[in-house]
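**Student:** Quick one: the structure is below, and I'll ask about it shortly.
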Amino acid sequence: MGTARDGDETRQRVKFTDDRVCKSHLLDCCPHDILAGTRMDLGECTKIHDLALRADYEIASKERDLFFELDAMDHLESFIAECDRRTELAKKRLAETQEEISAEVSAKAEKVHELNEDIGKLLAKAEQLGAEGNVDESQKILMEVEKVRAKKKEAEEEYRNSMPASSFQQQKLRVCEVCSAYLGLHDNDRRLADHFGGKLHLGFIQIREKLDQLRKTVAEKQEKRNQDRLRRREEREREERMGRRSGSRNRDRRRSRSRDRRRRRSRSVSRERRKSRSRSRERDRHRRHRSRSRSHSRGHRRGSRDRSSKHKSSKDRSSREKSRDREKKEKSSSERRHESTNGKSRSKRSEEREAGEI
């Protein structure tokens, strides 16, 4: 299975995720494949169709969600919108070409069309069950078909009695709401079974059912994605709140630490200040003590000096007095000696004079 099953390198160049690959084909709902061979054959799709790429997608989609349903849904919505537009245009053309009838007659004709549609669907389902081998189920459905035929006959009688015979013979057409094909009011059961069991009608039913399924799948995946996004957002917001709380706690811790540091610093500063004050007080006390001791020593030295100076002065005074006395004594002795010498010399001179006179 897949593009690498035969070792073909050229097929591996295009991946199923490439924009050139038809995403509707990967999901098995491309209208080009479903309506192929019908009168509304769309031809070949403009994008790449490859069963090997579909197998690659089926393998990869089991591991992760690729969300290709959105692309396929957009493709089918555009296709169904175009079919509905053609259906409305066909209804307008029928309204312009067919004779206008009253609302009561139109309602009775609509009832006949609805019964024809029910008969055609039941016959198509019975044929499908018979082809599959479910004979009993097919017989039950055929019995239901007979009941619906009886109701249809009664509805046709009411419709025939409500309008002129000339108008009743005219073919009243109706546009199929599923495949936009024309249905006649007087179509037989075989024609109805061929239409409702035909490939075109069943293909449109498959496309519309696939579109409804894709819409439901896309809505569920979008809801799941939104819930995941919302959960991730809530987790992110929770983480941000926790981060803010932890940040505030960290800030509080930092602030408390800074406050503690400031308190310790202030305490240490105040302690240092007290120490410095105590040291300054000690220094001042020591200085005062030293100044007192110095002043005391100075006073003691001054007193001793005064006493010594007094003693010295008294000694000096006494020595001076002694020296004066000594000097006086010496002077007096010298004077006496001088006087004695002078007296001797005078006596000698007087003796010499006397002797000379003699």
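Within each chain, counting starts at residue 1; across the structure tokens, chains are named A, B, ... in the order shown, with ligands numbered 1 upward in that order.
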Skipping near chain neighbours, those fewer than 6 positions away, what residues fall within 10 Å of Ala126 of chain A using only C-alpha atoms, listed as a list of chain:residue names?
**Tutor:**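 Those residues are A:Gly120, A:Glu132, A:Asn134, A:Val135, A:Asp136, A:Glu137, A:Ser138, A:Gln139, A:Lys140, A:Ile141, A:Leu142, A:Val145, A:Ala193, A:Gly197.
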**Student:** Restricting it to all heavy atoms, dump the selection as a compact mmCIF listing (two decimals), in the first residue's frame.
**Tutor:**
# COMPACT_ATOMS: atom_id res chain seq x y z
N GLY A 120 -40.43 5.09 -5.75
CA GLY A 120 -39.16 4.92 -6.44
C GLY A 120 -38.03 4.54 -5.49
O GLY A 120 -37.21 3.67 -5.78
N GLU A 132 -28.08 -8.12 -3.38
CA GLU A 132 -27.18 -8.55 -2.31
C GLU A 132 -27.55 -9.92 -1.74
O GLU A 132 -26.80 -10.47 -0.96
CB GLU A 132 -27.18 -7.51 -1.19
CG GLU A 132 -26.58 -6.18 -1.60
CD GLU A 132 -26.70 -5.14 -0.51
OE1 GLU A 132 -27.33 -5.46 0.53
OE2 GLU A 132 -26.18 -4.01 -0.67
N ASN A 134 -30.49 -10.55 -0.01
CA ASN A 134 -31.47 -10.43 1.08
C ASN A 134 -32.88 -10.45 0.50
O ASN A 134 -33.55 -9.43 0.34
CB ASN A 134 -31.23 -9.14 1.88
CG ASN A 134 -29.89 -9.12 2.57
OD1 ASN A 134 -29.38 -10.17 2.97
ND2 ASN A 134 -29.32 -7.93 2.71
N VAL A 135 -33.34 -11.65 0.17
CA VAL A 135 -34.63 -11.80 -0.51
C VAL A 135 -35.78 -11.48 0.42
O VAL A 135 -36.76 -10.82 0.04
CB VAL A 135 -34.77 -13.24 -1.07
CG1 VAL A 135 -36.12 -13.41 -1.79
CG2 VAL A 135 -33.62 -13.55 -2.02
N ASP A 136 -35.67 -11.91 1.67
CA ASP A 136 -36.76 -11.67 2.62
C ASP A 136 -36.97 -10.19 2.85
O ASP A 136 -38.12 -9.70 2.85
CB ASP A 136 -36.46 -12.37 3.93
CG ASP A 136 -36.40 -13.89 3.79
OD1 ASP A 136 -37.03 -14.40 2.84
OD2 ASP A 136 -35.73 -14.55 4.62
N GLU A 137 -35.88 -9.46 3.05
CA GLU A 137 -35.99 -8.01 3.24
C GLU A 137 -36.54 -7.34 1.99
O GLU A 137 -37.34 -6.40 2.07
CB GLU A 137 -34.62 -7.42 3.60
CG GLU A 137 -34.07 -7.89 4.93
CD GLU A 137 -34.89 -7.39 6.10
OE1 GLU A 137 -35.52 -6.31 5.96
OE2 GLU A 137 -34.90 -8.05 7.14
N SER A 138 -36.14 -7.85 0.83
CA SER A 138 -36.65 -7.28 -0.41
C SER A 138 -38.15 -7.50 -0.55
O SER A 138 -38.88 -6.62 -1.02
CB SER A 138 -35.90 -7.92 -1.59
OG SER A 138 -36.39 -7.43 -2.82
N GLN A 139 -38.63 -8.67 -0.15
CA GLN A 139 -40.06 -8.94 -0.23
C GLN A 139 -40.84 -8.04 0.72
O GLN A 139 -41.94 -7.56 0.38
CB GLN A 139 -40.32 -10.41 0.12
CG GLN A 139 -39.82 -11.41 -0.93
CD GLN A 139 -40.54 -11.26 -2.24
OE1 GLN A 139 -41.74 -10.92 -2.29
NE2 GLN A 139 -39.83 -11.51 -3.34
N LYS A 140 -40.30 -7.79 1.90
CA LYS A 140 -40.97 -6.89 2.83
C LYS A 140 -41.10 -5.50 2.25
O LYS A 140 -42.14 -4.83 2.40
CB LYS A 140 -40.21 -6.85 4.15
CG LYS A 140 -40.27 -8.15 4.94
CD LYS A 140 -39.47 -8.01 6.24
CE LYS A 140 -39.50 -9.32 7.04
NZ LYS A 140 -38.72 -9.22 8.30
N ILE A 141 -40.06 -5.04 1.60
CA ILE A 141 -40.09 -3.70 1.01
C ILE A 141 -41.08 -3.64 -0.14
O ILE A 141 -41.79 -2.63 -0.33
CB ILE A 141 -38.67 -3.29 0.56
CG1 ILE A 141 -37.78 -3.08 1.80
CG2 ILE A 141 -38.70 -2.02 -0.27
CD1 ILE A 141 -36.34 -2.79 1.48
N LEU A 142 -41.18 -4.72 -0.91
CA LEU A 142 -42.16 -4.75 -2.00
C LEU A 142 -43.59 -4.69 -1.46
O LEU A 142 -44.48 -4.08 -2.08
CB LEU A 142 -41.96 -6.00 -2.84
CG LEU A 142 -40.69 -6.02 -3.72
CD1 LEU A 142 -40.55 -7.37 -4.41
CD2 LEU A 142 -40.71 -4.89 -4.73
N VAL A 145 -44.24 -1.23 -0.84
CA VAL A 145 -44.46 -0.53 -2.10
C VAL A 145 -45.93 -0.64 -2.52
O VAL A 145 -46.52 0.34 -3.02
CB VAL A 145 -43.53 -1.10 -3.18
CG1 VAL A 145 -43.92 -0.57 -4.56
CG2 VAL A 145 -42.09 -0.73 -2.89
N ALA A 193 -38.37 3.94 -10.40
CA ALA A 193 -37.32 3.09 -9.83
C ALA A 193 -35.99 3.32 -10.52
O ALA A 193 -34.93 3.34 -9.86
CB ALA A 193 -37.74 1.63 -9.95
N GLY A 197 -33.16 4.77 -8.19
CA GLY A 197 -32.11 3.77 -8.01
C GLY A 197 -30.95 3.96 -8.97
O GLY A 197 -30.02 3.14 -8.98
**Student:** Which residues of segment 216-272 of chain A come within 12 Å of segment 58-65 of chain A, and for each one, what is the closest pair of atoms and their distance in Å to one decimal, counting only C-alpha atoms, sorted by chain and residue number, as CSV?
**Tutor:**
residue,atom,partner,partner_atom,distance
A:Thr217,CA,A:Asp65,CA,11.9
A:Val218,CA,A:Asp65,CA,11.5
A:Lys221,CA,A:Asp65,CA,9.3
A:Gln222,CA,A:Asp65,CA,11.7
A:Lys224,CA,A:Asp65,CA,11.6
A:Arg225,CA,A:Asp65,CA,10.7
**Student:** Would you compute the distance between atom CA of Thr17 of chain A and atom CA of Leu42 of chain A? Give it in Å to one decimal.
**Tutor:**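 Rounded to one decimal, the two atoms are 24.2 Å apart.
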**Student:** Quick one: pick out all helix (DSSP H, G or I) residues within segment 60-298 of chain A from a backbone DSSP run and write them as a PyMOL selection string.
**Tutor:** chain A and resi 60-61+69-97+103-132+135-161+165-169+189-196+199-298
**Student:** Could you work out how far atom CA of Glu88 of chain A lies from atom CA of Ile119 of chain A, giving the answer in Å with one decimal?
**Tutor:** 24.3 Å
**Student:** Which residues come within 7 Å of segment 25-40 of chain A, counting only C-alpha atoms, excluding same-chain residues fewer than 4 positions away, as an MDAnalysis selection string?
**Tutor:** chainID A and resid 44:45 49 54 57 199:200 203 207 210
**Student:** Could you check which of A:Arg208, A:Arg288, A:His195, A:Arg245 is closest to Cys83 of chain A, using only C-alpha atoms?
**Tutor:**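 Between A:Arg208, A:Arg288, A:His195, A:Arg245, the residue approaching Cys83 of chain A most closely is A:Arg208.
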**Student:** At what distance in Å, to one decimal, does atom CA of Ala55 of chain A lie from atom CA of Lys23 of chain A?
**Tutor:** 12.5 Å
**Student:** Residues near segment 173-178 of chain A, anyone? I mean within 12 Å using only C-alpha atoms, not counting same-chain ones fewer than 3 positions away, as a PyMOL selection string.
**Tutor:** chain A and resi 80-81+83-95+97-99+106+109-114+116-117+170+181-187+192+195-196+200-209
**Student:** Using only C-alpha atoms, which protein or nucleic acid residues come within 6 Å of segment 149-153 of chain A? Drop anything in the same chain fewer than 3 positions from it, and give the result as a compact mmCIF listing (two decimals) with N, CA and C atoms, in the first residue's frame.
**Tutor:**
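As a result, selection01.txt now contains:
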# COMPACT_ATOMS: atom_id res chain seq x y z
N LEU A 115 -45.49 10.72 -3.17
CA LEU A 115 -45.75 9.28 -3.17
C LEU A 115 -44.97 8.57 -4.27
N GLU A 146 -46.52 -1.80 -2.31
CA GLU A 146 -47.93 -1.98 -2.66
C GLU A 146 -48.82 -1.05 -1.83
N GLU A 156 -54.05 10.36 -6.73
CA GLU A 156 -54.27 10.69 -8.14
C GLU A 156 -55.75 10.92 -8.43
**Student:** Residues near Arg215 of chain A, anyone? I mean within 10 Å using only C-alpha atoms, not counting same-chain ones fewer than 5 positions away, as a ChimeraX atom specification.
**Tutor:** /A:69-70,72-74,77,209-210,220-221
